[in-house]
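Below is one structure, written out as structure tokens; comments come after it.
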Amino acid sequence: MTALLTESDITAALADLPKWQRKGQSLTQTIDCPDFPAAIALVNRVAEAAEEANHHPDMDIRWRTVTFTLSTHSAGGITSLDVMLAQRIDNLAP
């Protein structure tokens, strides 16, 4: 099992992930895409990356806005898996 990050680890990770916020035991980011097809394309790219990593985010699609929420449910909070997927999502986002 992947270990939970410490508070200082989370703070350091968020310094390198300026688009992300901490909400409780999760990392979250909302991305506005140009239109609905672009939002779906982003979700598809993230889905492929999540499958490769075997770590899956919660994704909420509202027209052209996509919110990603990352938490390692089996560990009960934020782990390095969430930080790595957040970095990957940043690289995949428009």
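Within each chain, counting starts at residue 1; across the structure tokens, chains are named A, B, ... in the order shown, with ligands numbered 1 upward in that order.
Taking only region 48-84 of chain A, the residues that DSSP calls alpha helix (DSSP H) from the backbone come to Glu48, Ala49, Ala50, Glu51, Glu52, Ala53, Ser80, Leu81, Asp82, Val83 and Met84 of chain A.
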What's around Val83 (chain A) at 10 Å? Count only C-alpha atoms, leave out sequence neighbours fewer than 6 positions away in its own chain, and write the answer as a PDB file with all heavy atoms, in the first residue's frame.
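The result, stored in part_33.pdb:
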```
ATOM      1  N   LEU A   5       0.949  11.026   2.371  1.00  0.00           N
ATOM      2  CA  LEU A   5       1.936  12.094   2.447  1.00  0.00           C
ATOM      3  C   LEU A   5       1.749  12.865   3.752  1.00  0.00           C
ATOM      4  O   LEU A   5       0.629  12.987   4.252  1.00  0.00           O
ATOM      5  CB  LEU A   5       1.794  13.041   1.266  1.00  0.00           C
ATOM      6  CG  LEU A   5       2.069  12.465  -0.128  1.00  0.00           C
ATOM      7  CD1 LEU A   5       1.865  13.535  -1.181  1.00  0.00           C
ATOM      8  CD2 LEU A   5       3.459  11.880  -0.212  1.00  0.00           C
ATOM      9  N   ILE A  10       2.642  17.461   1.339  1.00  0.00           N
ATOM     10  CA  ILE A  10       1.521  17.975   0.554  1.00  0.00           C
ATOM     11  C   ILE A  10       1.749  19.444   0.216  1.00  0.00           C
ATOM     12  O   ILE A  10       1.544  19.869  -0.927  1.00  0.00           O
ATOM     13  CB  ILE A  10       0.189  17.764   1.297  1.00  0.00           C
ATOM     14  CG1 ILE A  10      -0.109  16.262   1.419  1.00  0.00           C
ATOM     15  CG2 ILE A  10      -0.951  18.494   0.589  1.00  0.00           C
ATOM     16  CD1 ILE A  10      -1.242  15.919   2.368  1.00  0.00           C
ATOM     17  N   ALA A  13       4.325  19.627  -2.486  1.00  0.00           N
ATOM     18  CA  ALA A  13       3.774  19.174  -3.767  1.00  0.00           C
ATOM     19  C   ALA A  13       2.900  20.260  -4.390  1.00  0.00           C
ATOM     20  O   ALA A  13       2.980  20.521  -5.593  1.00  0.00           O
ATOM     21  CB  ALA A  13       2.976  17.889  -3.577  1.00  0.00           C
ATOM     22  N   LEU A  14       2.074  20.902  -3.571  1.00  0.00           N
ATOM     23  CA  LEU A  14       1.198  21.954  -4.089  1.00  0.00           C
ATOM     24  C   LEU A  14       1.978  23.170  -4.570  1.00  0.00           C
ATOM     25  O   LEU A  14       1.517  23.880  -5.469  1.00  0.00           O
ATOM     26  CB  LEU A  14       0.167  22.354  -3.031  1.00  0.00           C
ATOM     27  CG  LEU A  14      -0.941  21.324  -2.809  1.00  0.00           C
ATOM     28  CD1 LEU A  14      -1.794  21.713  -1.606  1.00  0.00           C
ATOM     29  CD2 LEU A  14      -1.799  21.152  -4.056  1.00  0.00           C
ATOM     30  N   ASP A  16       4.541  22.973  -6.328  1.00  0.00           N
ATOM     31  CA  ASP A  16       4.905  22.608  -7.698  1.00  0.00           C
ATOM     32  C   ASP A  16       3.677  22.376  -8.581  1.00  0.00           C
ATOM     33  O   ASP A  16       3.820  22.074  -9.763  1.00  0.00           O
ATOM     34  CB  ASP A  16       5.771  21.353  -7.698  1.00  0.00           C
ATOM     35  CG  ASP A  16       7.141  21.594  -7.092  1.00  0.00           C
ATOM     36  OD1 ASP A  16       7.627  22.750  -7.161  1.00  0.00           O
ATOM     37  OD2 ASP A  16       7.720  20.638  -6.541  1.00  0.00           O
ATOM     38  N   LEU A  17       2.482  22.460  -7.983  1.00  0.00           N
ATOM     39  CA  LEU A  17       1.232  22.241  -8.710  1.00  0.00           C
ATOM     40  C   LEU A  17       0.303  23.434  -8.474  1.00  0.00           C
ATOM     41  O   LEU A  17      -0.731  23.318  -7.817  1.00  0.00           O
ATOM     42  CB  LEU A  17       0.556  20.950  -8.214  1.00  0.00           C
ATOM     43  CG  LEU A  17       1.295  19.646  -8.459  1.00  0.00           C
ATOM     44  CD1 LEU A  17       0.703  18.527  -7.628  1.00  0.00           C
ATOM     45  CD2 LEU A  17       1.272  19.294  -9.944  1.00  0.00           C
ATOM     46  N   TRP A  20      -3.591  23.334  -8.661  1.00  0.00           N
ATOM     47  CA  TRP A  20      -4.298  22.392  -7.801  1.00  0.00           C
ATOM     48  C   TRP A  20      -4.531  22.982  -6.420  1.00  0.00           C
ATOM     49  O   TRP A  20      -3.750  23.803  -5.954  1.00  0.00           O
ATOM     50  CB  TRP A  20      -3.502  21.087  -7.689  1.00  0.00           C
ATOM     51  CG  TRP A  20      -3.488  20.333  -8.972  1.00  0.00           C
ATOM     52  CD1 TRP A  20      -2.636  20.531 -10.032  1.00  0.00           C
ATOM     53  CD2 TRP A  20      -4.373  19.296  -9.356  1.00  0.00           C
ATOM     54  NE1 TRP A  20      -2.945  19.663 -11.045  1.00  0.00           N
ATOM     55  CE2 TRP A  20      -4.003  18.889 -10.659  1.00  0.00           C
ATOM     56  CE3 TRP A  20      -5.436  18.649  -8.728  1.00  0.00           C
ATOM     57  CZ2 TRP A  20      -4.671  17.876 -11.336  1.00  0.00           C
ATOM     58  CZ3 TRP A  20      -6.103  17.631  -9.404  1.00  0.00           C
ATOM     59  CH2 TRP A  20      -5.715  17.259 -10.700  1.00  0.00           C
ATOM     60  N   LEU A  27      -6.787  16.248  -3.678  1.00  0.00           N
ATOM     61  CA  LEU A  27      -6.291  17.341  -4.511  1.00  0.00           C
ATOM     62  C   LEU A  27      -7.332  17.550  -5.595  1.00  0.00           C
ATOM     63  O   LEU A  27      -7.875  16.579  -6.146  1.00  0.00           O
ATOM     64  CB  LEU A  27      -4.947  16.981  -5.150  1.00  0.00           C
ATOM     65  CG  LEU A  27      -3.803  16.646  -4.210  1.00  0.00           C
ATOM     66  CD1 LEU A  27      -2.557  16.261  -5.010  1.00  0.00           C
ATOM     67  CD2 LEU A  27      -3.510  17.798  -3.279  1.00  0.00           C
ATOM     68  N   LEU A  70      -8.412  14.006  -6.862  1.00  0.00           N
ATOM     69  CA  LEU A  70      -7.456  12.920  -6.672  1.00  0.00           C
ATOM     70  C   LEU A  70      -7.323  12.587  -5.191  1.00  0.00           C
ATOM     71  O   LEU A  70      -7.077  13.467  -4.364  1.00  0.00           O
ATOM     72  CB  LEU A  70      -6.083  13.321  -7.211  1.00  0.00           C
ATOM     73  CG  LEU A  70      -6.036  13.796  -8.655  1.00  0.00           C
ATOM     74  CD1 LEU A  70      -4.637  14.270  -9.002  1.00  0.00           C
ATOM     75  CD2 LEU A  70      -6.474  12.687  -9.586  1.00  0.00           C
ATOM     76  N   SER A  71      -7.469  11.320  -4.873  1.00  0.00           N
ATOM     77  CA  SER A  71      -7.267  10.819  -3.526  1.00  0.00           C
ATOM     78  C   SER A  71      -7.039   9.318  -3.638  1.00  0.00           C
ATOM     79  O   SER A  71      -7.673   8.658  -4.466  1.00  0.00           O
ATOM     80  CB  SER A  71      -8.496  11.089  -2.662  1.00  0.00           C
ATOM     81  OG  SER A  71      -8.291  10.654  -1.342  1.00  0.00           O
ATOM     82  N   ILE A  89      -1.880  15.147 -15.386  1.00  0.00           N
ATOM     83  CA  ILE A  89      -3.055  15.876 -15.872  1.00  0.00           C
ATOM     84  C   ILE A  89      -2.640  17.266 -16.339  1.00  0.00           C
ATOM     85  O   ILE A  89      -3.098  17.734 -17.387  1.00  0.00           O
ATOM     86  CB  ILE A  89      -4.150  15.930 -14.788  1.00  0.00           C
ATOM     87  CG1 ILE A  89      -4.743  14.532 -14.585  1.00  0.00           C
ATOM     88  CG2 ILE A  89      -5.237  16.954 -15.141  1.00  0.00           C
ATOM     89  CD1 ILE A  89      -5.647  14.405 -13.379  1.00  0.00           C
TER      90      ILE A  89
END
```
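Across the model, the gap from CA of Asp9 (chain A) to CA of Val43 (chain A) is 27.4 Å.
Across A:Val46, A:Ile78, A:Glu52, A:Pro94, the tightest approach to Ser8 (chain A) is made by A:Ile78 when counting only C-alpha atoms.
Note that DSSP on the backbone gives strand (DSSP E or B) to these residues of region 3-91 of chain A: Leu4, Gln21, Arg22, Lys23, Ser26, Leu27, Thr28, Gln29, Thr30, Ile31, Asp32, Asp58, Met59, Asp60, Ile61, Arg62, Thr65, Val66, Thr67, Phe68, Thr69, Leu70, Thr72, Gly77 and Thr79 of chain A.
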